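Step one of this worksheet: look at the structure below.
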Protein chains: 2
Amino acid sequence: MALIQRLQPFCAVDLIGDDAAVLPANAADWVVTTDVLVDGVHFSDRTTPPESVGWRAVAANLSDLAAMGASPVGITVGLSLPGTVPVTWVEAVYRGMATCLQTYGGAILGGDVVRSAQVSLAITALGRVTPGQAFYRHGAQPGDVIVVTGYHGASRAGLELLLNPAAGAALSPSVRGAWIEAHQRPRPRFDVVEVLRQILNAYPTASMGAMDSSDGLANAILHLCKASGVGARLVRSQLPFPPALVGWVGMAAAERWVLYGGEDFELVLCLPREIAQALVNQLGPTAAIVGTIQPDPGVYLVETPDVTTGISLGWEDCFQHF
Amino acid sequence: MALIQRLQPFCAVDLIGDDAAVLPANAADWVVTTDVLVDGVHFSDRTTPPESVGWRAVAANLSDLAAMGASPVGITVGLSLPGTVPVTWVEAVYRGMATCLQTYGGAILGGDVVRSAQVSLAITALGRVTPGQAFYRHGAQPGDVIVVTGYHGASRAGLELLLNPAAGAALSPSVRGAWIEAHQRPRPRFDVVEVLRQILNAYPTASMGAMDSSDGLANAILHLCKASGVGARLVRSQLPFPPALVGWVGMAAAERWVLYGGEDFELVLCLPREIAQALVNQLGPTAAIVGTIQPDPGVYLVETPDVTTGISLGWEDCFQHF
């Protein structure tokens, strides 16, 4: 049976089979985002089984929808692969994609399968959002505080454990499991969007800057500040270290992984303090206020909230390497 | 300047710069399609300058929208490339994409640029169509006739001229130019959709099967028949040969290129004869009725319309090779 036929069971059968998929008219705005994942750059058989390759590729795109405040409708998949790739590998990738979509909403709406020297997955995700309720990067304002969901650096730590399992011998199985899960099965934070929407009902005119942290926490804050024409101060003691990380790799490496590890797919939100505090209270200990938005440009890491000078943080390539 | 910044001038500046693009709510259905084009498989520097690589990649996706009866809104672009590719090459590809979108409508809404061993372009096109007015493959009915727009095999002939320019010495410059244009700058047939819509106003309940011929004319008819649960007879003398093709390569090769050359991006429409005739009358000599839909499965090439037996046409891989 041809590959494309074997992949049909994973797709929205009522929408595929034509030159394009038709999505019914709806009162919502549409949100569209594309990410490409390349074998050896964004994933690797060394560290990630094919189901997780599929999950992760979809989660990365859905995380962009969550960062815009949108709900998922579905994805298209442009799959490039050499003829030597086993069909069972491809089916497992599609199974992982379908599982992620079943978990968060949406379906595979179509795509293309082509021959290529290197495996890659180009995914386009489509979502919907009530008109006027999309989140953007450019809404951060001086006086806002910065809320970060989840731990950062956990995906990078999980990668380390997958590359060097022996290095994790001193860690508890639950810590090891959580970090590997963070790397292989990241969770787009639609749950945060839902909680935030409820809080925002009481603050209809509140501004906000929002982004996901796929390219690293520091880069996300730099992007938010650039788009909003502001600066930021991050407080070192408030950085969202995963428990046990500092003890395992030391403070210097832990700090690098928190700021530049990347691929954590959490949300970074710039909000008035009152809203931020309500959000953190509801999300519990895995969300935190980590700093403040400043009128002057530049993003600085400071020792305590009242200190005004610190280390300037710059853009760094945070692609994890396999 | 970073590559991604150099590509921004080609994009919809008011929509890019966030984790995703937001498209305003609208009373139309949305139509989505994805095609991946790989260097050395779907295009090559040997035969196609970078502007045309970009044009062709967009045209291939827009052609799928035209086949669904939709109007283009925009595209996202997943670009994979080795670090050795010159920025000027990438800019030229984006210029070609933007030119094609300016010609037919739509904008670049976002995308992703990643490192890869091989150049590839994964394009997702978004379009809109009035609810209830999308075209599908499954509407062909026994008694319908098959309308084909444009010539077929011209793209394949253009490729031949690009690979072996000397072989075309006996051809007129206008024929050579037309075939090379067909290969490098195919035109999605939104003009046909517009003419057909006007005709269909008088036939509100007419059924139709529609598809583009990107994978070859024979494969398009096989797809339409399979989706509709019908068969077809094509009449050899009515095949849409480009002028001068039979004289240049002989009947056997010309027939293969018409049926299996691929990449012509024309429309194949199964319609009641009255509507088909009105369409062909309006489109002029580059559209033709080439056969009929039959109740029994199987697609046959017959000598004349009244003959009922002929050569059985099968699926063939029609990828043009460079």
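For the structure tokens, the naming scheme is as follows: chains receive sequential letters (A, B, ...) according to their order of presentation, residues are indexed from 1 within each chain, and ligands are indexed from 1 in presentation order.
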
### Query
Excluding same-chain residues fewer than 3 positions from A:Ala218, what lies within 7 Å of it counting only C-alpha atoms, as a PyMOL selection string?
chain A and resi 221-222+259-260

### Message
Taking 6 positions as the minimum chain separation for residues in the same chain, which residues sit within 12 Å of A:Gln294 when counting only C-alpha atoms? Answer as a ChimeraX atom specification.
### Response
/A:140-146,221,224-226,228-234,270,300,308

### Spatial neighbours of A:Ser213, max dist 9 Å, only C-alpha atoms, sep filter under 2 positions, as a list in words
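Listing them by chain and then by number gives Ser63, Val148, His152, Met211, Asp215, Gly216, Leu217, Ala218, Asn219, Ala220, Ile221, Gly262, Glu263, Asp264, Phe265, Glu266, Leu267 and Val268 of chain A.
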
### Task
Kindly indicate which residue among A:Asn164, A:Ala117, A:Arg128, A:Gly74 lies nearest to A:Thr47, using only C-alpha atoms for the distances.
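When distances to A:Thr47 are compared using only C-alpha atoms, the smallest one comes from A:Asn164.
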
Least-squares superpose chain A on chain B across all ordered C-alpha pairs, then write out what you get as a compact mmCIF listing (two decimals) with C-alpha atoms, in the first residue's frame.
# COMPACT_ATOMS: atom_id res chain seq x y z
CA MET A 1 21.78 41.73 8.68
CA ALA A 2 20.18 38.43 9.61
CA LEU A 3 18.54 36.50 6.76
CA ILE A 4 15.12 36.65 8.36
CA GLN A 5 15.26 40.44 8.47
CA ARG A 6 16.25 40.62 4.81
CA LEU A 7 13.16 38.58 3.93
CA GLN A 8 10.73 40.83 5.83
CA PRO A 9 10.25 43.33 2.97
CA PHE A 10 8.66 40.51 0.95
CA CYS A 11 6.14 39.73 3.70
CA ALA A 12 2.90 41.25 4.96
CA VAL A 13 4.55 43.62 7.46
CA ASP A 14 1.37 44.17 9.47
CA LEU A 15 0.89 40.41 10.00
CA ILE A 16 4.38 39.10 10.71
CA GLY A 17 6.52 39.56 13.83
CA ASP A 18 4.47 37.49 16.28
CA ASP A 19 4.33 33.77 17.03
CA ALA A 20 1.59 33.50 14.38
CA ALA A 21 -0.35 35.69 11.96
CA VAL A 22 -3.95 36.71 12.71
CA LEU A 23 -6.38 36.79 9.75
CA PRO A 24 -9.64 38.72 10.25
CA ALA A 25 -12.93 36.87 10.61
CA ASN A 26 -14.89 36.61 7.39
CA ALA A 27 -18.10 35.04 6.13
CA ALA A 28 -16.18 32.67 3.83
CA ASP A 29 -15.03 29.10 4.29
CA TRP A 30 -11.26 28.76 4.56
CA VAL A 31 -9.27 26.52 2.24
CA VAL A 32 -5.80 25.22 3.13
CA THR A 33 -3.22 23.27 1.12
CA THR A 34 0.47 22.40 1.54
CA ASP A 35 3.10 21.51 -1.07
CA VAL A 36 6.77 20.82 -0.47
CA LEU A 37 9.33 21.46 -3.23
CA VAL A 38 12.78 19.94 -2.90
CA ASP A 39 15.94 21.02 -4.73
CA GLY A 40 16.90 18.40 -7.30
CA VAL A 41 13.45 16.80 -7.21
CA HIS A 42 10.97 19.60 -7.92
CA PHE A 43 13.35 22.32 -9.09
CA SER A 44 16.97 22.80 -10.00
CA ASP A 45 19.35 25.69 -10.61
CA ARG A 46 20.19 23.95 -13.88
CA THR A 47 16.77 24.75 -15.28
CA THR A 48 15.16 27.39 -13.10
CA PRO A 49 16.47 30.75 -11.88
CA PRO A 50 15.63 31.51 -8.24
CA GLU A 51 12.86 34.03 -9.02
CA SER A 52 11.13 31.27 -10.98
CA VAL A 53 11.70 28.74 -8.18
CA GLY A 54 9.76 31.09 -5.92
CA TRP A 55 7.05 31.82 -8.49
CA ARG A 56 6.60 28.15 -9.30
CA ALA A 57 6.39 27.07 -5.66
CA VAL A 58 3.65 29.61 -4.99
CA ALA A 59 1.85 28.90 -8.28
CA ALA A 60 1.73 25.17 -7.44
CA ASN A 61 -0.05 25.93 -4.18
CA LEU A 62 -2.34 28.59 -5.65
CA SER A 63 -3.31 26.12 -8.38
CA ASP A 64 -4.69 23.85 -5.64
CA LEU A 65 -6.77 26.77 -4.36
CA ALA A 66 -8.05 27.45 -7.90
CA ALA A 67 -8.97 23.78 -8.25
CA MET A 68 -11.12 24.15 -5.11
CA GLY A 69 -12.77 27.30 -6.50
CA ALA A 70 -11.12 29.45 -3.81
CA SER A 71 -9.44 32.87 -3.88
CA PRO A 72 -5.96 33.27 -2.40
CA VAL A 73 -5.44 34.99 0.98
CA GLY A 74 -1.78 34.23 1.53
CA ILE A 75 0.95 31.70 2.23
CA THR A 76 3.38 30.64 4.91
CA VAL A 77 6.87 29.52 3.88
CA GLY A 78 8.99 26.87 5.58
CA LEU A 79 12.42 27.36 4.05
CA SER A 80 15.18 24.80 4.70
CA LEU A 81 18.66 25.53 3.41
CA PRO A 82 22.35 24.83 3.90
CA GLY A 83 24.47 27.68 5.25
CA THR A 84 26.29 27.87 1.92
CA VAL A 85 23.29 29.20 -0.01
CA PRO A 86 23.88 32.89 -0.87
CA VAL A 87 21.46 35.36 0.69
CA THR A 88 20.92 36.85 -2.78
CA TRP A 89 19.57 33.48 -3.97
CA VAL A 90 17.08 33.37 -1.09
CA GLU A 91 16.02 36.98 -1.70
CA ALA A 92 15.42 36.17 -5.38
CA VAL A 93 13.23 33.19 -4.41
CA TYR A 94 11.20 35.44 -2.10
CA ARG A 95 10.98 38.10 -4.84
CA GLY A 96 9.52 35.43 -7.17
CA MET A 97 7.04 34.32 -4.51
CA ALA A 98 5.97 37.91 -3.82
CA THR A 99 5.57 38.62 -7.56
CA CYS A 100 3.33 35.59 -8.03
CA LEU A 101 1.22 36.67 -5.03
CA GLN A 102 0.97 40.22 -6.36
CA THR A 103 -0.28 38.81 -9.65
CA TYR A 104 -2.95 36.48 -8.24
CA GLY A 105 -3.65 37.91 -4.78
CA GLY A 106 -2.40 37.09 -1.30
CA ALA A 107 0.66 37.87 0.79
CA ILE A 108 3.42 36.08 2.70
CA LEU A 109 1.91 35.69 6.18
CA GLY A 110 4.88 34.16 7.98
CA GLY A 111 7.05 31.09 8.07
CA ASP A 112 10.25 29.60 9.35
CA VAL A 113 13.84 29.43 8.11
CA VAL A 114 15.94 26.47 9.23
CA ARG A 115 19.31 24.90 8.52
CA SER A 116 19.23 21.72 6.41
CA ALA A 117 21.52 19.74 4.10
CA GLN A 118 19.20 20.30 1.12
CA VAL A 119 17.19 23.28 -0.02
CA SER A 120 13.44 22.83 0.24
CA LEU A 121 10.38 25.05 0.31
CA ALA A 122 7.29 23.94 2.23
CA ILE A 123 4.47 26.27 1.32
CA THR A 124 1.02 26.36 2.86
CA ALA A 125 -1.55 28.42 0.98
CA LEU A 126 -4.73 29.76 2.54
CA GLY A 127 -7.74 30.76 0.49
CA ARG A 128 -11.38 31.63 0.90
CA VAL A 129 -14.51 30.46 -0.83
CA THR A 130 -18.18 31.34 -0.40
CA PRO A 131 -19.78 28.59 1.75
CA GLY A 132 -21.27 25.88 -0.47
CA GLN A 133 -19.28 26.93 -3.53
CA ALA A 134 -16.09 24.88 -3.12
CA PHE A 135 -15.22 22.46 -5.93
CA TYR A 136 -14.41 18.84 -5.01
CA ARG A 137 -13.05 15.80 -6.82
CA HIS A 138 -15.98 13.58 -5.97
CA GLY A 139 -18.71 15.25 -8.06
CA ALA A 140 -18.10 13.63 -11.47
CA GLN A 141 -21.15 11.78 -12.81
CA PRO A 142 -21.72 9.39 -15.71
CA GLY A 143 -22.75 11.46 -18.72
CA ASP A 144 -20.52 14.39 -17.74
CA VAL A 145 -17.84 15.44 -20.16
CA ILE A 146 -14.26 16.25 -19.22
CA VAL A 147 -13.00 19.76 -19.85
CA VAL A 148 -9.28 20.42 -19.78
CA THR A 149 -7.90 23.96 -19.76
CA GLY A 150 -4.68 24.88 -21.51
CA TYR A 151 -2.14 22.69 -23.23
CA HIS A 152 -0.60 19.71 -21.47
CA GLY A 153 2.97 18.53 -21.87
CA ALA A 154 4.18 22.10 -22.38
CA SER A 155 5.91 22.18 -18.99
CA ARG A 156 7.64 18.87 -19.79
CA ALA A 157 8.66 20.24 -23.21
CA GLY A 158 10.01 23.39 -21.56
CA LEU A 159 12.10 21.27 -19.21
CA GLU A 160 13.52 19.38 -22.21
CA LEU A 161 14.51 22.67 -23.87
CA LEU A 162 16.16 23.88 -20.66
CA LEU A 163 18.13 20.65 -20.28
CA ASN A 164 19.05 20.40 -23.99
CA PRO A 165 18.82 23.85 -25.58
CA ALA A 166 20.35 22.62 -28.86
CA ALA A 167 17.47 20.18 -29.32
CA GLY A 168 15.11 23.10 -29.86
CA ALA A 169 17.02 24.72 -32.72
CA ALA A 170 14.31 23.87 -35.26
CA LEU A 171 11.51 25.36 -33.15
CA SER A 172 10.33 28.92 -33.50
CA PRO A 173 11.43 31.31 -30.74
CA SER A 174 7.79 31.84 -29.75
CA VAL A 175 7.19 28.10 -29.26
CA ARG A 176 10.41 27.73 -27.29
CA GLY A 177 9.51 30.74 -25.16
CA ALA A 178 5.99 29.50 -24.46
CA TRP A 179 7.18 26.06 -23.32
CA ILE A 180 9.96 27.45 -21.11
CA GLU A 181 7.43 29.87 -19.63
CA ALA A 182 5.04 26.97 -19.01
CA HIS A 183 7.78 25.20 -17.06
CA GLN A 184 9.23 28.14 -15.13
CA ARG A 185 6.20 30.39 -14.61
CA PRO A 186 3.02 28.29 -14.59
CA ARG A 187 -0.22 30.22 -14.14
CA PRO A 188 -2.85 29.10 -11.63
CA ARG A 189 -6.18 29.30 -13.49
CA PHE A 190 -8.18 31.67 -11.31
CA ASP A 191 -9.40 33.19 -14.59
CA VAL A 192 -11.13 29.90 -15.42
CA VAL A 193 -12.75 29.77 -11.99
CA GLU A 194 -14.19 33.24 -12.57
CA VAL A 195 -15.65 32.37 -15.99
CA LEU A 196 -17.02 29.08 -14.66
CA ARG A 197 -18.69 30.80 -11.68
CA GLN A 198 -20.57 33.11 -14.02
CA ILE A 199 -21.80 30.18 -16.10
CA LEU A 200 -22.75 28.19 -13.00
CA ASN A 201 -25.02 31.03 -11.86
CA ALA A 202 -27.49 29.74 -14.44
CA TYR A 203 -27.10 26.13 -13.19
CA PRO A 204 -27.26 26.39 -9.40
CA THR A 205 -27.75 22.66 -8.83
CA ALA A 206 -25.12 21.42 -11.30
CA SER A 207 -22.68 18.89 -9.91
CA MET A 208 -19.00 19.02 -10.82
CA GLY A 209 -15.73 17.21 -10.26
CA ALA A 210 -12.65 19.43 -10.25
CA MET A 211 -8.90 19.05 -9.78
CA ASP A 212 -5.70 20.59 -11.02
CA SER A 213 -3.35 18.69 -13.31
CA SER A 214 -0.13 19.23 -11.34
CA ASP A 215 0.56 15.49 -11.16
CA GLY A 216 -0.27 14.95 -14.83
CA LEU A 217 -3.47 14.87 -16.86
CA ALA A 218 -3.95 11.09 -16.68
CA ASN A 219 -3.44 11.02 -12.92
CA ALA A 220 -5.92 13.89 -12.47
CA ILE A 221 -8.60 12.00 -14.38
CA LEU A 222 -7.81 8.81 -12.45
CA HIS A 223 -8.14 10.72 -9.17
CA LEU A 224 -11.43 12.33 -10.22
CA CYS A 225 -12.85 8.96 -11.27
CA LYS A 226 -11.69 7.22 -8.09
CA ALA A 227 -13.15 9.94 -5.86
CA SER A 228 -16.44 9.92 -7.81
CA GLY A 229 -16.77 6.14 -8.24
CA VAL A 230 -16.87 6.39 -12.03
CA GLY A 231 -14.70 5.76 -15.09
CA ALA A 232 -13.73 7.79 -18.14
CA ARG A 233 -12.96 7.64 -21.84
CA LEU A 234 -10.42 10.08 -23.27
CA VAL A 235 -10.38 10.62 -27.02
CA ARG A 236 -6.88 10.57 -28.49
CA SER A 237 -7.58 13.17 -31.19
CA GLN A 238 -8.93 15.58 -28.58
CA LEU A 239 -5.92 15.48 -26.25
CA PRO A 240 -4.62 19.02 -25.56
CA PHE A 241 -1.30 18.80 -27.44
CA PRO A 242 0.70 22.04 -27.50
CA PRO A 243 1.10 23.23 -31.12
CA ALA A 244 4.32 21.88 -32.69
CA LEU A 245 4.89 19.26 -29.99
CA VAL A 246 4.00 16.20 -32.11
CA GLY A 247 6.20 17.44 -34.94
CA TRP A 248 9.09 17.98 -32.55
CA VAL A 249 9.16 14.76 -30.52
CA GLY A 250 6.84 12.43 -32.47
CA MET A 251 3.40 11.14 -31.51
CA ALA A 252 4.48 8.55 -28.96
CA ALA A 253 6.55 10.93 -26.83
CA ALA A 254 4.05 13.76 -27.27
CA GLU A 255 1.25 11.52 -26.03
CA ARG A 256 3.27 10.51 -22.99
CA TRP A 257 4.06 14.13 -22.19
CA VAL A 258 0.42 15.23 -22.59
CA LEU A 259 -0.83 12.47 -20.30
CA TYR A 260 2.04 12.11 -17.82
CA GLY A 261 4.33 15.14 -18.23
CA GLY A 262 2.90 16.84 -15.16
CA GLU A 263 3.40 20.32 -13.69
CA ASP A 264 1.07 22.04 -16.16
CA PHE A 265 -1.13 23.36 -13.32
CA GLU A 266 -4.23 23.50 -15.51
CA LEU A 267 -7.74 22.54 -14.44
CA VAL A 268 -9.57 19.29 -15.18
CA LEU A 269 -13.35 19.65 -14.79
CA CYS A 270 -16.12 17.07 -15.10
CA LEU A 271 -19.33 18.86 -16.04
CA PRO A 272 -22.67 18.35 -17.78
CA ARG A 273 -22.10 18.86 -21.52
CA GLU A 274 -24.13 22.07 -21.75
CA ILE A 275 -22.06 23.80 -19.07
CA ALA A 276 -18.84 22.37 -20.45
CA GLN A 277 -19.62 23.66 -23.93
CA ALA A 278 -20.44 27.14 -22.61
CA LEU A 279 -17.14 27.15 -20.69
CA VAL A 280 -15.08 26.03 -23.68
CA ASN A 281 -16.80 28.59 -25.88
CA GLN A 282 -15.85 31.37 -23.51
CA LEU A 283 -12.29 30.20 -22.83
CA GLY A 284 -11.49 29.81 -26.52
CA PRO A 285 -9.14 27.41 -28.25
CA THR A 286 -6.95 26.62 -25.23
CA ALA A 287 -9.74 24.73 -23.47
CA ALA A 288 -11.28 21.55 -24.82
CA ILE A 289 -13.67 18.72 -24.12
CA VAL A 290 -11.38 15.69 -24.13
CA GLY A 291 -13.66 12.84 -23.10
CA THR A 292 -16.64 11.57 -21.16
CA ILE A 293 -17.37 10.17 -17.71
CA GLN A 294 -18.60 6.56 -17.76
CA PRO A 295 -20.48 4.51 -15.17
CA ASP A 296 -17.95 1.66 -15.26
CA PRO A 297 -14.56 2.06 -13.56
CA GLY A 298 -11.37 2.33 -15.60
CA VAL A 299 -9.91 5.16 -17.62
CA TYR A 300 -9.42 4.39 -21.33
CA LEU A 301 -7.80 6.20 -24.20
CA VAL A 302 -10.00 5.63 -27.30
CA GLU A 303 -9.56 6.59 -30.94
CA THR A 304 -12.89 8.38 -31.51
CA PRO A 305 -15.78 9.36 -29.24
CA ASP A 306 -18.05 6.52 -30.45
CA VAL A 307 -15.51 3.74 -29.84
CA THR A 308 -15.96 2.04 -26.48
CA THR A 309 -12.69 0.14 -26.13
CA GLY A 310 -9.17 1.46 -25.95
CA ILE A 311 -5.92 1.51 -23.99
CA SER A 312 -6.32 1.40 -20.22
CA LEU A 313 -4.50 4.30 -18.56
CA GLY A 314 -2.83 3.65 -15.20
CA TRP A 315 -1.22 5.67 -12.44
CA GLU A 316 2.31 6.69 -13.20
CA ASP A 317 4.76 8.76 -11.28
CA CYS A 318 4.97 11.92 -13.33
CA PHE A 319 7.55 13.83 -11.33
CA GLN A 320 9.75 15.63 -13.77
CA HIS A 321 13.39 14.85 -13.19
CA PHE A 322 16.21 17.32 -13.54

### Query
What are the DSSP strand (DSSP E or B) residues of stretch 191-288 of chain B, as a list in words?
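Listing strand (DSSP E or B) positions across stretch 191-288 of chain B yields Gly209, Ala210, Met211, Asp212, Gly231, Ala232, Arg233, Leu234, Val235, Leu267, Val268, Leu269, Cys270, Leu271, Ala287 and Ala288 of chain B.
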
Since we have the selection now, will you write its residues out, keeping C-alpha atoms, as a PDB file, in the first residue's frame?
ATOM      1  CA  GLY B 209     -15.723  17.222 -10.263  1.00  0.00           C
ATOM      2  CA  ALA B 210     -12.649  19.458 -10.254  1.00  0.00           C
ATOM      3  CA  MET B 211      -8.899  19.067  -9.800  1.00  0.00           C
ATOM      4  CA  ASP B 212      -5.706  20.599 -11.044  1.00  0.00           C
ATOM      5  CA  GLY B 231     -14.686   5.776 -15.072  1.00  0.00           C
ATOM      6  CA  ALA B 232     -13.733   7.804 -18.125  1.00  0.00           C
ATOM      7  CA  ARG B 233     -12.956   7.649 -21.818  1.00  0.00           C
ATOM      8  CA  LEU B 234     -10.427  10.076 -23.273  1.00  0.00           C
ATOM      9  CA  VAL B 235     -10.389  10.609 -27.017  1.00  0.00           C
ATOM     10  CA  LEU B 267      -7.747  22.535 -14.441  1.00  0.00           C
ATOM     11  CA  VAL B 268      -9.570  19.294 -15.190  1.00  0.00           C
ATOM     12  CA  LEU B 269     -13.333  19.647 -14.790  1.00  0.00           C
ATOM     13  CA  CYS B 270     -16.106  17.077 -15.100  1.00  0.00           C
ATOM     14  CA  LEU B 271     -19.326  18.862 -16.028  1.00  0.00           C
ATOM     15  CA  ALA B 287      -9.721  24.716 -23.460  1.00  0.00           C
ATOM     16  CA  ALA B 288     -11.272  21.545 -24.809  1.00  0.00           C
TER      17      ALA B 288
END

### Task
From a DSSP calculation on the backbone, collect every residue of stretch 96-266 of chain A in helix (DSSP H, G or I) and output the set as a VMD selection string.
chain A and resid 96 to 104 137 to 139 154 to 163 165 to 168 173 to 184 190 to 200 217 to 228 236 to 238 245 to 260
